[in-house]
Amino acid sequence: MLRVSGVCQFFFHLDVSILYLITMQYHRRLFIINQKLAHMNEQNFINLGAWWAQKMSSAQEKLTAAVKVLLNLALAEPFLRNQWGSQCNAVTKQNPGMLILQSISYLSAIKQLKILGASKAVAKKLISDIIKIKDSLAIIENMIAQSSMDDSSAVVEPNSNRLFDISENLEDMQTAYNRLKARLDSNLKLLTGHDGAAAALIQDAAGDEMQILVFKCQAHLMRIHGKVQQAKFAAVPFERRISQSKPGNNIYLLPVVNLLILITVQILSLLSIQNLAFQNGHPALSKWRKDIILWWIMRSSWEMRCIFQIIYSLNPSISPTCTISMPIHTCG
Amino acid sequence: MIDAAPTANAAQLPPYLADDNVRRGILSLLVQDRVKEEIFRLQQEHCSMIKWLEGQIQNLKAAIKNCNGTL
């Protein structure tokens, strides 16, 4: 039998002994704590009667003072309770997602149906359907919460399996929503035939609950859409890197450049030898005819055109007509 | 400096805001309710104490009754 001060004292002892309790097994810990509690009970047992008498006398004093004030004010108790209720309602914000359906107890629903003249079997069936609907709603809410947790963990490591699970959950939610809606409609038709007010009340409550679930699903879908967008934007740099490292772009670029440089050097040497031959006569001409003319003559016309186009692209200061006409002129 | 705050008419305010007697009455009513709850808990504890004491007295009587031999 622990008072508040006793509880504080107990927690103080527990705080001290937690250093060696943490290494023990569960039942040993429980045994030690029980021993401490029994010891403290024995110590406090002597003062229990005095404590009880003191608490009772202080409570009686408070009650006497409150009753005296109420008698002096001469206000009715229901009026004061009504004012207190209105004050609570004024300062409390109403929850828009409050489930009104829960406020309708099953016994009151049975009573209403009995008053309306419905049979007991129909009432029981309706109540069982309502219980099933509530269970299904709880399952859907659990699924939404579980999907949200999975979705938050999937941000760190996007995985196709997780997306597949989420899509499966969404499909299940959609089917459950359709099933619930059909069942609610069929049950509401039963009520609508007897009492329009009760049917409207239940319909509004069920509509609110359904709307809440739909909003939750929409928020969940928007969150998934945002995550997919983020994953898509995060994947763009990798795609660029992959496209840049494709075979055919970088692998063959260096040999082609080397080949072009080699061709350019040879053509420049050819042109210089050709100029020397025209200027000085036979020594350079004989060298040109022996070594270089063979390589030059072996090329076909389209290859030559391509080579000079490449040279022109490398050095735009040379005109293509000049570069093409020169070998033709010299070869002739 | 002119006070631009709107002054509410006392007649339009609800009694729990405008009337001091109602405010005091609500406070006393709440105190009365809490004290009644406290007294109920103390009475429950009193009952359990009485039961424990009766059990102890019965145990003592049984021990005295079954006591044989000499001290």
# chains A, B, ... in the order shown; residues from 1 in each chain; ligands from 1

call {"tool": "interface_residues", "arguments": {"of": "chain B", "to": "chain A", "cutoff": "6 Å", "atoms": "only C-alpha atoms", "output": "MDAnalysis selection string"}}
result
chainID B and resid 16 25:26 28 32 35

call {"tool": "select_by_dssp", "arguments": {"residues": "range 9-70 of chain B", "states": "helix (DSSP H, G or I)", "output": "number ranges by chain"}}
result
B: 15-18, 20-65

call {"tool": "residues_around", "arguments": {"residues": "range 45-52 of chain B", "least_positions_apart": "2", "cutoff": "12 Å", "atoms": "only C-alpha atoms", "output": "list in words"}}
result
Met1, Leu2, Arg3, Phe45, Leu48, Gly49, Ala50, Trp51, Trp52, Ala53, Lys55 and Met56 of chain A; Glu38, Ile39, Phe40, Arg41, Leu42, Gln43, Glu54, Gly55, Gln56, Ile57, Gln58 and Asn59 of chain B

call {"tool": "write_last_selection", "arguments": {"atoms": "N, CA, C and O atoms", "output": "JSON list (two decimals), in the first residue's frame"}}
result
[["chain", "number", "residue", "atom", "x", "y", "z"],
["A", 1, "MET", "N", 0.84, -1.19, 0.00],
["A", 1, "MET", "CA", 0.00, 0.00, 0.00],
["A", 1, "MET", "C", 0.88, 1.24, 0.00],
["A", 1, "MET", "O", 1.40, 1.65, 1.04],
["A", 2, "LEU", "N", 1.16, 1.80, -1.19],
["A", 2, "LEU", "CA", 2.14, 2.88, -1.30],
["A", 2, "LEU", "C", 1.44, 4.21, -1.52],
["A", 2, "LEU", "O", 0.50, 4.30, -2.31],
["A", 3, "ARG", "N", 1.89, 5.22, -0.80],
["A", 3, "ARG", "CA", 1.40, 6.56, -1.05],
["A", 3, "ARG", "C", 2.27, 7.19, -2.13],
["A", 3, "ARG", "O", 3.18, 6.58, -2.68],
["A", 45, "PHE", "N", 3.37, 0.78, 7.23],
["A", 45, "PHE", "CA", 2.11, 0.27, 7.75],
["A", 45, "PHE", "C", 1.71, 0.95, 9.06],
["A", 45, "PHE", "O", 0.53, 1.11, 9.34],
["A", 48, "LEU", "N", -0.21, 4.17, 8.44],
["A", 48, "LEU", "CA", -1.30, 4.12, 7.46],
["A", 48, "LEU", "C", -2.59, 4.71, 8.02],
["A", 48, "LEU", "O", -3.29, 5.48, 7.34],
["A", 49, "GLY", "N", -2.93, 4.38, 9.25],
["A", 49, "GLY", "CA", -4.17, 4.88, 9.83],
["A", 49, "GLY", "C", -4.15, 6.40, 9.98],
["A", 49, "GLY", "O", -5.13, 7.09, 9.66],
["A", 50, "ALA", "N", -2.97, 6.92, 10.45],
["A", 50, "ALA", "CA", -2.86, 8.38, 10.60],
["A", 50, "ALA", "C", -2.98, 9.07, 9.25],
["A", 50, "ALA", "O", -3.63, 10.13, 9.13],
["A", 51, "TRP", "N", -2.34, 8.47, 8.22],
["A", 51, "TRP", "CA", -2.42, 9.06, 6.88],
["A", 51, "TRP", "C", -3.86, 9.08, 6.38],
["A", 51, "TRP", "O", -4.34, 10.09, 5.85],
["A", 52, "TRP", "N", -4.57, 7.95, 6.62],
["A", 52, "TRP", "CA", -5.96, 7.86, 6.14],
["A", 52, "TRP", "C", -6.82, 8.91, 6.84],
["A", 52, "TRP", "O", -7.64, 9.59, 6.20],
["A", 53, "ALA", "N", -6.65, 9.05, 8.17],
["A", 53, "ALA", "CA", -7.46, 10.02, 8.92],
["A", 53, "ALA", "C", -7.18, 11.44, 8.47],
["A", 53, "ALA", "O", -8.10, 12.26, 8.31],
["A", 55, "LYS", "N", -6.06, 12.43, 5.46],
["A", 55, "LYS", "CA", -6.63, 12.64, 4.12],
["A", 55, "LYS", "C", -8.14, 12.83, 4.21],
["A", 55, "LYS", "O", -8.73, 13.68, 3.53],
["A", 56, "MET", "N", -8.79, 12.04, 5.05],
["A", 56, "MET", "CA", -10.24, 12.12, 5.17],
["A", 56, "MET", "C", -10.66, 13.45, 5.76],
["A", 56, "MET", "O", -11.64, 14.07, 5.29],
["B", 38, "GLU", "N", -12.41, 11.69, -4.09],
["B", 38, "GLU", "CA", -11.37, 11.37, -3.12],
["B", 38, "GLU", "C", -11.95, 10.62, -1.92],
["B", 38, "GLU", "O", -11.37, 9.63, -1.44],
["B", 39, "ILE", "N", -13.10, 11.07, -1.47],
["B", 39, "ILE", "CA", -13.74, 10.40, -0.32],
["B", 39, "ILE", "C", -14.14, 8.98, -0.70],
["B", 39, "ILE", "O", -14.01, 8.05, 0.11],
["B", 40, "PHE", "N", -14.60, 8.81, -1.92],
["B", 40, "PHE", "CA", -14.96, 7.45, -2.37],
["B", 40, "PHE", "C", -13.74, 6.53, -2.34],
["B", 40, "PHE", "O", -13.82, 5.38, -1.86],
["B", 41, "ARG", "N", -12.60, 7.04, -2.85],
["B", 41, "ARG", "CA", -11.38, 6.22, -2.84],
["B", 41, "ARG", "C", -10.95, 5.91, -1.40],
["B", 41, "ARG", "O", -10.54, 4.78, -1.09],
["B", 42, "LEU", "N", -11.03, 6.91, -0.52],
["B", 42, "LEU", "CA", -10.64, 6.70, 0.87],
["B", 42, "LEU", "C", -11.55, 5.68, 1.55],
["B", 42, "LEU", "O", -11.11, 4.89, 2.38],
["B", 43, "GLN", "N", -12.83, 5.72, 1.22],
["B", 43, "GLN", "CA", -13.75, 4.74, 1.79],
["B", 43, "GLN", "C", -13.42, 3.33, 1.31],
["B", 43, "GLN", "O", -13.50, 2.37, 2.08],
["B", 54, "GLU", "N", -9.78, -7.63, 10.09],
["B", 54, "GLU", "CA", -10.61, -8.76, 10.48],
["B", 54, "GLU", "C", -9.89, -10.08, 10.23],
["B", 54, "GLU", "O", -9.94, -11.01, 11.07],
["B", 55, "GLY", "N", -9.21, -10.16, 9.10],
["B", 55, "GLY", "CA", -8.45, -11.37, 8.80],
["B", 55, "GLY", "C", -7.36, -11.61, 9.81],
["B", 55, "GLY", "O", -7.14, -12.75, 10.26],
["B", 56, "GLN", "N", -6.67, -10.54, 10.17],
["B", 56, "GLN", "CA", -5.60, -10.68, 11.16],
["B", 56, "GLN", "C", -6.16, -11.11, 12.51],
["B", 56, "GLN", "O", -5.58, -11.96, 13.20],
["B", 57, "ILE", "N", -7.29, -10.54, 12.91],
["B", 57, "ILE", "CA", -7.90, -10.91, 14.19],
["B", 57, "ILE", "C", -8.33, -12.36, 14.18],
["B", 57, "ILE", "O", -8.15, -13.11, 15.16],
["B", 58, "GLN", "N", -8.89, -12.80, 13.04],
["B", 58, "GLN", "CA", -9.28, -14.21, 12.94],
["B", 58, "GLN", "C", -8.08, -15.13, 13.03],
["B", 58, "GLN", "O", -8.12, -16.19, 13.68],
["B", 59, "ASN", "N", -7.00, -14.74, 12.39],
["B", 59, "ASN", "CA", -5.79, -15.54, 12.46],
["B", 59, "ASN", "C", -5.29, -15.63, 13.91],
["B", 59, "ASN", "O", -4.87, -16.70, 14.37]]

call {"tool": "atom_distance", "arguments": {"atom1": "CA of Arg223 in chain A", "atom2": "CA of Asp135 in chain A"}}
result
26.0 Å

call {"tool": "atom_distance", "arguments": {"atom1": "CA of Val31 in chain B", "atom2": "CA of Asn44 in chain A"}}
result
29.1 Å
